[in-house]
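Structure file upload-v6.txt with compact mmCIF, C-alpha atoms:
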# COMPACT_ATOMS: atom_id res chain seq x y z
CA MET A 1 0.00 0.00 0.00
CA PHE A 2 1.29 3.44 -0.92
CA LYS A 3 0.99 6.28 1.51
CA ILE A 4 -0.51 9.36 -0.11
CA ASP A 5 -0.57 12.42 2.10
CA GLU A 6 -1.70 15.93 1.28
CA SER A 7 1.66 17.20 2.49
CA PHE A 8 3.33 15.62 -0.51
CA LEU A 9 0.82 16.51 -3.19
CA LEU A 10 2.01 19.80 -4.64
CA LEU A 11 -0.39 21.72 -6.83
CA ASP A 12 0.67 24.49 -9.18
CA VAL A 13 4.30 24.67 -8.13
CA ASP A 14 7.15 26.58 -9.72
CA VAL A 15 10.56 24.95 -10.08
CA LEU A 16 13.56 25.66 -12.28
CA ASN A 17 14.15 22.14 -13.50
CA ALA A 18 13.58 18.43 -12.98
CA GLU A 19 16.32 18.08 -10.38
CA GLU A 20 14.86 20.84 -8.23
CA LEU A 21 11.45 19.23 -8.46
CA ILE A 22 12.78 15.82 -7.44
CA ARG A 23 14.56 17.43 -4.47
CA VAL A 24 11.41 19.27 -3.40
CA LEU A 25 9.23 16.15 -3.59
CA CYS A 26 11.80 14.01 -1.78
CA ALA A 27 12.09 16.64 0.97
CA LYS A 28 8.34 16.30 1.56
CA LEU A 29 8.59 12.51 1.69
CA GLU A 30 11.53 12.74 4.05
CA ALA A 31 9.67 15.14 6.33
CA ALA A 32 6.83 12.62 6.46
CA GLY A 33 9.29 9.90 7.45
CA CYS A 34 8.78 7.82 4.31
CA ILE A 35 12.35 8.01 2.99
CA THR A 36 15.87 8.83 4.14
CA SER A 37 18.11 11.37 2.43
CA ALA A 38 19.78 8.49 0.59
CA TYR A 39 16.69 8.18 -1.57
CA VAL A 40 16.95 11.57 -3.27
CA HIS A 41 20.47 10.71 -4.44
CA ALA A 42 19.26 7.37 -5.73
CA VAL A 43 16.40 8.99 -7.64
CA LEU A 44 18.62 11.67 -9.19
CA ALA A 45 21.29 9.15 -10.16
CA ARG A 46 18.78 6.84 -11.72
CA GLU A 47 17.00 9.62 -13.57
CA GLY A 48 20.33 10.57 -15.14
CA LYS A 49 20.95 7.05 -16.36
CA TYR A 50 17.45 5.79 -16.96
CA PRO A 51 15.11 8.72 -17.47
CA THR A 52 11.40 8.40 -16.69
CA GLY A 53 9.63 10.97 -18.85
CA LEU A 54 6.58 9.55 -20.65
CA PRO A 55 4.94 10.96 -23.79
CA THR A 56 1.40 10.72 -22.44
CA LYS A 57 -1.55 12.77 -23.69
CA PRO A 58 -2.74 15.49 -23.37
CA PHE A 59 0.56 16.35 -21.69
CA CYS A 60 3.71 14.51 -20.70
CA VAL A 61 4.31 13.07 -17.24
CA ALA A 62 7.32 11.61 -15.45
CA LEU A 63 7.67 8.81 -12.96
CA PRO A 64 10.97 9.34 -11.12
CA HIS A 65 11.98 6.70 -8.59
CA GLY A 66 14.93 4.86 -7.09
CA GLU A 67 15.33 1.31 -5.94
CA MET A 68 14.11 0.19 -2.53
CA GLU A 69 17.13 1.52 -0.68
CA GLY A 70 16.31 4.52 1.49
CA VAL A 71 12.59 3.81 1.48
CA LYS A 72 11.08 3.35 4.94
CA GLU A 73 7.45 3.41 3.89
CA SER A 74 6.06 3.09 0.36
CA ALA A 75 4.61 6.39 -0.80
CA LEU A 76 3.53 8.36 -3.84
CA ALA A 77 4.35 12.06 -4.11
CA PHE A 78 2.85 14.22 -6.81
CA ALA A 79 3.49 17.60 -8.39
CA ARG A 80 1.48 19.64 -10.85
CA LEU A 81 3.64 22.32 -12.42
CA ASN A 82 2.76 25.83 -13.49
CA GLU A 83 5.40 25.65 -16.18
CA PRO A 84 6.64 22.35 -17.59
CA VAL A 85 10.18 21.11 -16.91
CA VAL A 86 12.28 18.89 -19.13
CA PHE A 87 12.61 15.18 -18.47
CA ARG A 88 14.20 12.77 -20.90
CA ASN A 89 11.98 10.20 -22.55
CA MET A 90 12.10 6.76 -20.89
CA ALA A 91 11.89 5.07 -24.27
CA ASN A 92 14.48 7.29 -25.94
CA ARG A 93 16.82 9.21 -23.72
CA ASP A 94 17.91 11.56 -26.51
CA GLU A 95 14.45 13.05 -26.60
CA SER A 96 13.39 15.84 -24.22
CA LEU A 97 9.83 15.96 -23.00
CA GLU A 98 8.07 18.97 -21.49
CA VAL A 99 6.56 17.43 -18.39
CA LYS A 100 3.60 18.94 -16.55
CA MET A 101 2.92 16.35 -13.88
CA VAL A 102 5.29 14.24 -11.87
CA PHE A 103 4.54 11.09 -9.89
CA LEU A 104 7.44 10.27 -7.61
CA LEU A 105 7.26 6.73 -6.33
CA ALA A 106 9.03 5.34 -3.30
CA ASN A 107 8.46 1.64 -2.93
CA ASN A 108 9.90 -0.91 -0.55
CA GLU A 109 7.83 -3.97 -1.35
CA ALA A 110 8.47 -5.90 -4.55
CA LYS A 111 4.93 -7.21 -4.67
CA ASN A 112 3.47 -3.70 -4.70
CA GLN A 113 5.26 -2.76 -7.78
CA VAL A 114 3.46 -4.45 -10.64
CA THR A 115 0.04 -3.63 -9.25
CA ALA A 116 0.90 0.03 -8.73
CA LEU A 117 2.40 0.26 -12.20
CA ARG A 118 -0.66 -1.31 -13.75
CA ARG A 119 -2.98 1.14 -12.00
CA LEU A 120 -0.84 4.12 -12.96
CA SER A 121 -0.50 2.90 -16.54
CA ASP A 122 -4.29 2.66 -16.78
CA MET A 123 -4.44 6.32 -15.81
CA PHE A 124 -1.62 7.30 -18.19
CA GLY A 125 -3.54 5.67 -21.02
CA GLU A 126 -6.67 7.70 -20.37
CA PRO A 127 -6.28 11.35 -21.44
CA GLY A 128 -9.49 12.15 -19.56
CA GLN A 129 -7.98 11.02 -16.26
CA LEU A 130 -4.91 13.20 -16.64
CA SER A 131 -7.08 16.14 -17.68
CA HIS A 132 -9.19 15.60 -14.60
CA LEU A 133 -6.09 15.69 -12.45
CA GLU A 134 -5.28 19.00 -14.08
CA ILE A 135 -8.44 20.77 -12.92
CA LEU A 136 -8.75 19.52 -9.34
CA LYS A 137 -8.38 22.43 -6.94
CA GLU A 138 -7.65 20.92 -3.54
CA PRO A 139 -4.93 18.49 -2.47
CA ILE A 140 -7.62 16.41 -0.75
CA GLU A 141 -9.35 15.86 -4.11
CA VAL A 142 -6.08 14.83 -5.72
CA SER A 143 -5.31 12.53 -2.85
CA ARG A 144 -8.73 10.85 -3.17
CA MET A 145 -8.31 10.41 -6.90
CA LEU A 146 -4.82 8.93 -6.63
CA MET A 147 -5.86 6.63 -3.80
CA ASP A 148 -8.81 5.44 -5.89
CA ILE A 149 -6.55 4.77 -8.83
CA LEU A 150 -3.98 2.87 -6.81
CA SER A 151 -6.57 0.77 -5.00
CA GLU A 152 -8.84 -0.09 -7.93
CA MET B 11 8.87 -27.44 -27.84
CA SER B 12 8.54 -24.40 -25.63
CA TYR B 13 9.14 -20.76 -26.31
CA ARG B 14 10.40 -17.78 -24.43
CA ILE B 15 9.33 -14.11 -24.47
CA VAL B 16 11.82 -11.71 -22.91
CA VAL B 17 10.56 -8.34 -21.66
CA ALA B 18 13.37 -5.84 -21.19
CA CYS B 19 13.57 -2.41 -19.58
CA GLY B 20 16.07 0.11 -18.23
CA ALA B 21 16.21 -0.52 -14.51
CA GLY B 22 14.79 0.33 -11.15
CA ILE B 23 11.07 0.15 -10.98
CA ASN B 24 11.10 -2.56 -13.60
CA THR B 25 8.50 -1.40 -16.05
CA SER B 26 9.21 -4.74 -17.71
CA THR B 27 7.33 -6.49 -14.91
CA LEU B 28 4.25 -4.66 -16.10
CA GLY B 29 4.55 -6.06 -19.62
CA GLU B 30 5.47 -9.46 -18.23
CA ASP B 31 2.37 -9.52 -16.06
CA MET B 32 0.01 -8.55 -18.87
CA ILE B 33 1.51 -10.94 -21.41
CA ARG B 34 1.45 -13.82 -18.93
CA GLU B 35 -2.20 -13.11 -18.19
CA ARG B 36 -3.08 -13.28 -21.88
CA LEU B 37 -1.01 -16.41 -22.50
CA SER B 38 -2.75 -18.20 -19.68
CA LYS B 39 -6.15 -17.07 -20.98
CA GLU B 40 -5.27 -18.61 -24.33
CA GLY B 41 -3.92 -21.76 -22.75
CA ARG B 42 -0.38 -21.20 -23.92
CA GLY B 43 1.48 -22.91 -21.11
CA ASP B 44 4.30 -23.63 -23.56
CA VAL B 45 5.38 -19.98 -23.63
CA GLU B 46 7.51 -18.67 -20.81
CA VAL B 47 7.76 -14.94 -20.03
CA ILE B 48 10.67 -13.42 -18.17
CA HIS B 49 11.82 -9.86 -17.51
CA VAL B 50 15.42 -8.74 -17.72
CA LEU B 51 17.45 -5.55 -17.70
CA MET B 52 18.23 -4.26 -21.17
CA SER B 53 21.89 -4.05 -20.14
CA ASN B 54 21.92 -7.84 -19.69
CA ILE B 55 20.10 -8.69 -22.89
CA GLU B 56 23.19 -10.27 -24.50
CA ALA B 57 22.89 -13.15 -22.07
CA TYR B 58 19.49 -14.04 -23.55
CA GLU B 59 20.17 -13.26 -27.16
CA ASP B 60 20.32 -16.89 -28.32
CA ASN B 61 17.67 -17.96 -25.92
CA MET B 62 14.58 -15.94 -26.72
CA ASP B 63 11.88 -16.09 -29.37
CA ILE B 64 10.32 -12.64 -28.98
CA LEU B 65 11.81 -9.53 -27.39
CA VAL B 66 9.45 -6.95 -25.91
CA SER B 67 11.45 -3.82 -25.13
CA MET B 68 10.11 -1.04 -22.94
CA GLN B 69 12.59 1.34 -24.53
CA GLN B 70 13.94 2.21 -27.94
CA VAL B 71 16.25 -0.46 -29.36
CA TYR B 72 19.39 0.64 -31.09
CA ARG B 73 20.42 -2.53 -32.85
CA GLU B 74 19.17 -5.62 -34.63
CA PHE B 75 18.12 -8.78 -32.84
CA LYS B 76 17.78 -12.29 -34.20
CA CYS B 77 14.19 -12.54 -33.03
CA PRO B 78 11.18 -10.27 -33.61
CA VAL B 79 11.22 -7.11 -31.47
CA VAL B 80 8.13 -5.34 -30.18
CA ILE B 81 8.22 -1.97 -28.42
CA GLY B 82 6.28 -2.39 -25.18
CA LEU B 83 5.76 1.25 -24.25
CA PRO B 84 1.97 1.10 -24.79
CA PHE B 85 1.87 -1.20 -21.74
CA LEU B 86 2.82 1.88 -19.74
CA ILE B 87 1.11 4.76 -21.51
CA GLY B 88 -1.31 3.26 -24.03
CA THR B 89 -5.10 3.43 -23.87
CA LYS B 90 -6.95 0.19 -23.10
CA ALA B 91 -7.40 -0.34 -26.83
CA GLU B 92 -3.71 0.22 -27.53
CA LYS B 93 -2.75 -2.23 -24.78
CA GLU B 94 -5.09 -4.80 -26.27
CA GLU B 95 -3.69 -4.19 -29.74
CA LEU B 96 -0.15 -4.70 -28.46
CA LEU B 97 -1.14 -7.98 -26.78
CA ASN B 98 -2.82 -9.08 -30.02
CA LYS B 99 0.35 -8.33 -31.94
CA ILE B 100 2.45 -10.34 -29.49
CA MET B 101 0.00 -13.25 -29.64
CA GLU B 102 0.20 -13.22 -33.41
CA LEU B 103 3.99 -13.49 -33.18
CA VAL B 104 3.52 -16.36 -30.72
CA ARG B 105 1.25 -18.19 -33.14
CA ASN B 106 3.82 -17.72 -35.90
CA LEU B 107 6.45 -19.39 -33.72
CA ASN B 108 4.46 -22.60 -33.98
CA LYS B 109 4.83 -22.64 -37.71
CA LYS B 110 8.61 -22.71 -37.61

Starting from the coordinates I provided, produce the structure as structure tokens.
Amino acid sequence: MFKIDESFLLLDVDVLNAEELIRVLCAKLEAAGCITSAYVHAVLAREGKYPTGLPTKPFCVALPHGEMEGVKESALAFARLNEPVVFRNMANRDESLEVKMVFLLANNEAKNQVTALRRLSDMFGEPGQLSHLEILKEPIEVSRMLMDILSE
Amino acid sequence: MSYRIVVACGAGINTSTLGEDMIRERLSKEGRGDVEVIHVLMSNIEAYEDNMDILVSMQQVYREFKCPVVIGLPFLIGTKAEKEELLNKIMELVRNLNKK
């Protein structure tokens, strides 16, 4: 089960770039006790080698994450950006994608992983779901929607 | 005779497990117990090169392989219809293996 807390759902944030965003989201997860500081390094290192931008519609998303190391409690952090930042495409790292929403996963249970990915991929495949996530006003609404998606 | 589908991805969260899971589900629905599905890291793909019948890659491939290659990205970002289409395509390749 992934912890989803309003404190790590950031709506309409401004950041300079992907690294800053990853640091901001990890800081929230760390403050909530879900990860240690080792995790942010793992996520940044992995993103450099194996990027996680996805060319979804109607806008691109990214799914940064590390391995299980540094994760104390599985959690999903989320950011909706005022201005997109560049992530490299997971399928083709030479391609830059302008990403508007970021789902940062921290997972410490292997068995969670496939299920969570399947739920998220169902959402990524439905432009209507991402659009809906774009218009929600309150973190509580976003948290309900993400919890619904992950528990379906 | 049994066959092997290899699903490969970058690393970490193992998006290949997603493809593996969906392909295995379909194979079992169609009673294809003779087809094994495994997931591997793309960086280790050489070790399977002579030992796979279909490669499903979650990322771009930059070289030729001896077996058919399918790009598995729709498993992650495709609509339901696109996911189904991708599974159909893989199943068609599986059926063609029989004819060899």

For segment 76-90 of chain B, I'd like the enclosing box, axis-aligned and padded by 4 Å on every side, reported as lines of an AutoDock Vina configuration file with centre and edge lengths in Å to one decimal.
center_x = 5.4
center_y = -3.9
center_z = -27.0
size_x = 32.7
size_y = 25.3
size_z = 22.5

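With only C-alpha atoms as the atoms that count, the minimum distance from chain A to the choices B:Glu92, B:Glu46, B:Glu56, B:Glu102 is reached by B:Glu92.
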
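A straight line drawn from atom CA of Asn107 of chain A to atom CA of Ala42 of chain A is 12.5 Å long.
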
Set the distance at 10 Å and use all atoms listed in the file: which residues neighbour segment 92-104 of chain A once local chain neighbours fewer than 5 positions away are removed? I'd like the list as a PDB file with C-alpha atoms, keeping the file's coordinate frame.
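The new file result.pdb reads:
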ATOM      1  CA  PHE A   8       3.330  15.620  -0.510  1.00  0.00           C
ATOM      2  CA  LEU A   9       0.820  16.510  -3.190  1.00  0.00           C
ATOM      3  CA  LEU A  10       2.010  19.800  -4.640  1.00  0.00           C
ATOM      4  CA  LEU A  11      -0.390  21.720  -6.830  1.00  0.00           C
ATOM      5  CA  ASP A  12       0.670  24.490  -9.180  1.00  0.00           C
ATOM      6  CA  ALA A  18      13.580  18.430 -12.980  1.00  0.00           C
ATOM      7  CA  LEU A  21      11.450  19.230  -8.460  1.00  0.00           C
ATOM      8  CA  ILE A  22      12.780  15.820  -7.440  1.00  0.00           C
ATOM      9  CA  LEU A  25       9.230  16.150  -3.590  1.00  0.00           C
ATOM     10  CA  CYS A  26      11.800  14.010  -1.780  1.00  0.00           C
ATOM     11  CA  LEU A  29       8.590  12.510   1.690  1.00  0.00           C
ATOM     12  CA  VAL A  43      16.400   8.990  -7.640  1.00  0.00           C
ATOM     13  CA  GLY A  48      20.330  10.570 -15.140  1.00  0.00           C
ATOM     14  CA  LYS A  49      20.950   7.050 -16.360  1.00  0.00           C
ATOM     15  CA  TYR A  50      17.450   5.790 -16.960  1.00  0.00           C
ATOM     16  CA  PRO A  51      15.110   8.720 -17.470  1.00  0.00           C
ATOM     17  CA  THR A  52      11.400   8.400 -16.690  1.00  0.00           C
ATOM     18  CA  GLY A  53       9.630  10.970 -18.850  1.00  0.00           C
ATOM     19  CA  LEU A  54       6.580   9.550 -20.650  1.00  0.00           C
ATOM     20  CA  PRO A  55       4.940  10.960 -23.790  1.00  0.00           C
ATOM     21  CA  THR A  56       1.400  10.720 -22.440  1.00  0.00           C
ATOM     22  CA  PRO A  58      -2.740  15.490 -23.370  1.00  0.00           C
ATOM     23  CA  PHE A  59       0.560  16.350 -21.690  1.00  0.00           C
ATOM     24  CA  CYS A  60       3.710  14.510 -20.700  1.00  0.00           C
ATOM     25  CA  VAL A  61       4.310  13.070 -17.240  1.00  0.00           C
ATOM     26  CA  ALA A  62       7.320  11.610 -15.450  1.00  0.00           C
ATOM     27  CA  LEU A  63       7.670   8.810 -12.960  1.00  0.00           C
ATOM     28  CA  PRO A  64      10.970   9.340 -11.120  1.00  0.00           C
ATOM     29  CA  HIS A  65      11.980   6.700  -8.590  1.00  0.00           C
ATOM     30  CA  GLY A  66      14.930   4.860  -7.090  1.00  0.00           C
ATOM     31  CA  ALA A  75       4.610   6.390  -0.800  1.00  0.00           C
ATOM     32  CA  LEU A  76       3.530   8.360  -3.840  1.00  0.00           C
ATOM     33  CA  ALA A  77       4.350  12.060  -4.110  1.00  0.00           C
ATOM     34  CA  PHE A  78       2.850  14.220  -6.810  1.00  0.00           C
ATOM     35  CA  ALA A  79       3.490  17.600  -8.390  1.00  0.00           C
ATOM     36  CA  ARG A  80       1.480  19.640 -10.850  1.00  0.00           C
ATOM     37  CA  LEU A  81       3.640  22.320 -12.420  1.00  0.00           C
ATOM     38  CA  ASN A  82       2.760  25.830 -13.490  1.00  0.00           C
ATOM     39  CA  GLU A  83       5.400  25.650 -16.180  1.00  0.00           C
ATOM     40  CA  PRO A  84       6.640  22.350 -17.590  1.00  0.00           C
ATOM     41  CA  VAL A  85      10.180  21.110 -16.910  1.00  0.00           C
ATOM     42  CA  VAL A  86      12.280  18.890 -19.130  1.00  0.00           C
ATOM     43  CA  PHE A  87      12.610  15.180 -18.470  1.00  0.00           C
ATOM     44  CA  LEU A 120      -0.840   4.120 -12.960  1.00  0.00           C
ATOM     45  CA  LEU A 130      -4.910  13.200 -16.640  1.00  0.00           C
ATOM     46  CA  LEU A 133      -6.090  15.690 -12.450  1.00  0.00           C
ATOM     47  CA  GLU A 134      -5.280  19.000 -14.080  1.00  0.00           C
TER      48      GLU A 134
ATOM     49  CA  MET B  68      10.110  -1.040 -22.940  1.00  0.00           C
ATOM     50  CA  GLN B  69      12.590   1.340 -24.530  1.00  0.00           C
ATOM     51  CA  GLN B  70      13.940   2.210 -27.940  1.00  0.00           C
ATOM     52  CA  VAL B  71      16.250  -0.460 -29.360  1.00  0.00           C
ATOM     53  CA  TYR B  72      19.390   0.640 -31.090  1.00  0.00           C
TER      54      TYR B  72
END

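Those residues of chain A that fall within 7 Å of chain B when using all atoms listed in the file read Tyr50, Thr56, Gly66, Glu67, Met90, Ala91, Asn92, Val114, Leu117, Arg118, Ser121, Phe124, Gly125 and Glu126 of chain A.
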
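The coordinates place atom CA of His49 of chain B at 23.7 Å from atom CA of Phe2 of chain A.
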
Could you tell me how far atom CA of Ala32 of chain A sits from atom CA of Val13 of chain A, in Å to one decimal place? 19.1 Å

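With all atoms listed in the file as the atoms that count, the residue of A:Ala106, A:Ile4, A:Ala27, A:Cys34 with the shortest distance to Met68 of chain A is A:Ala106.
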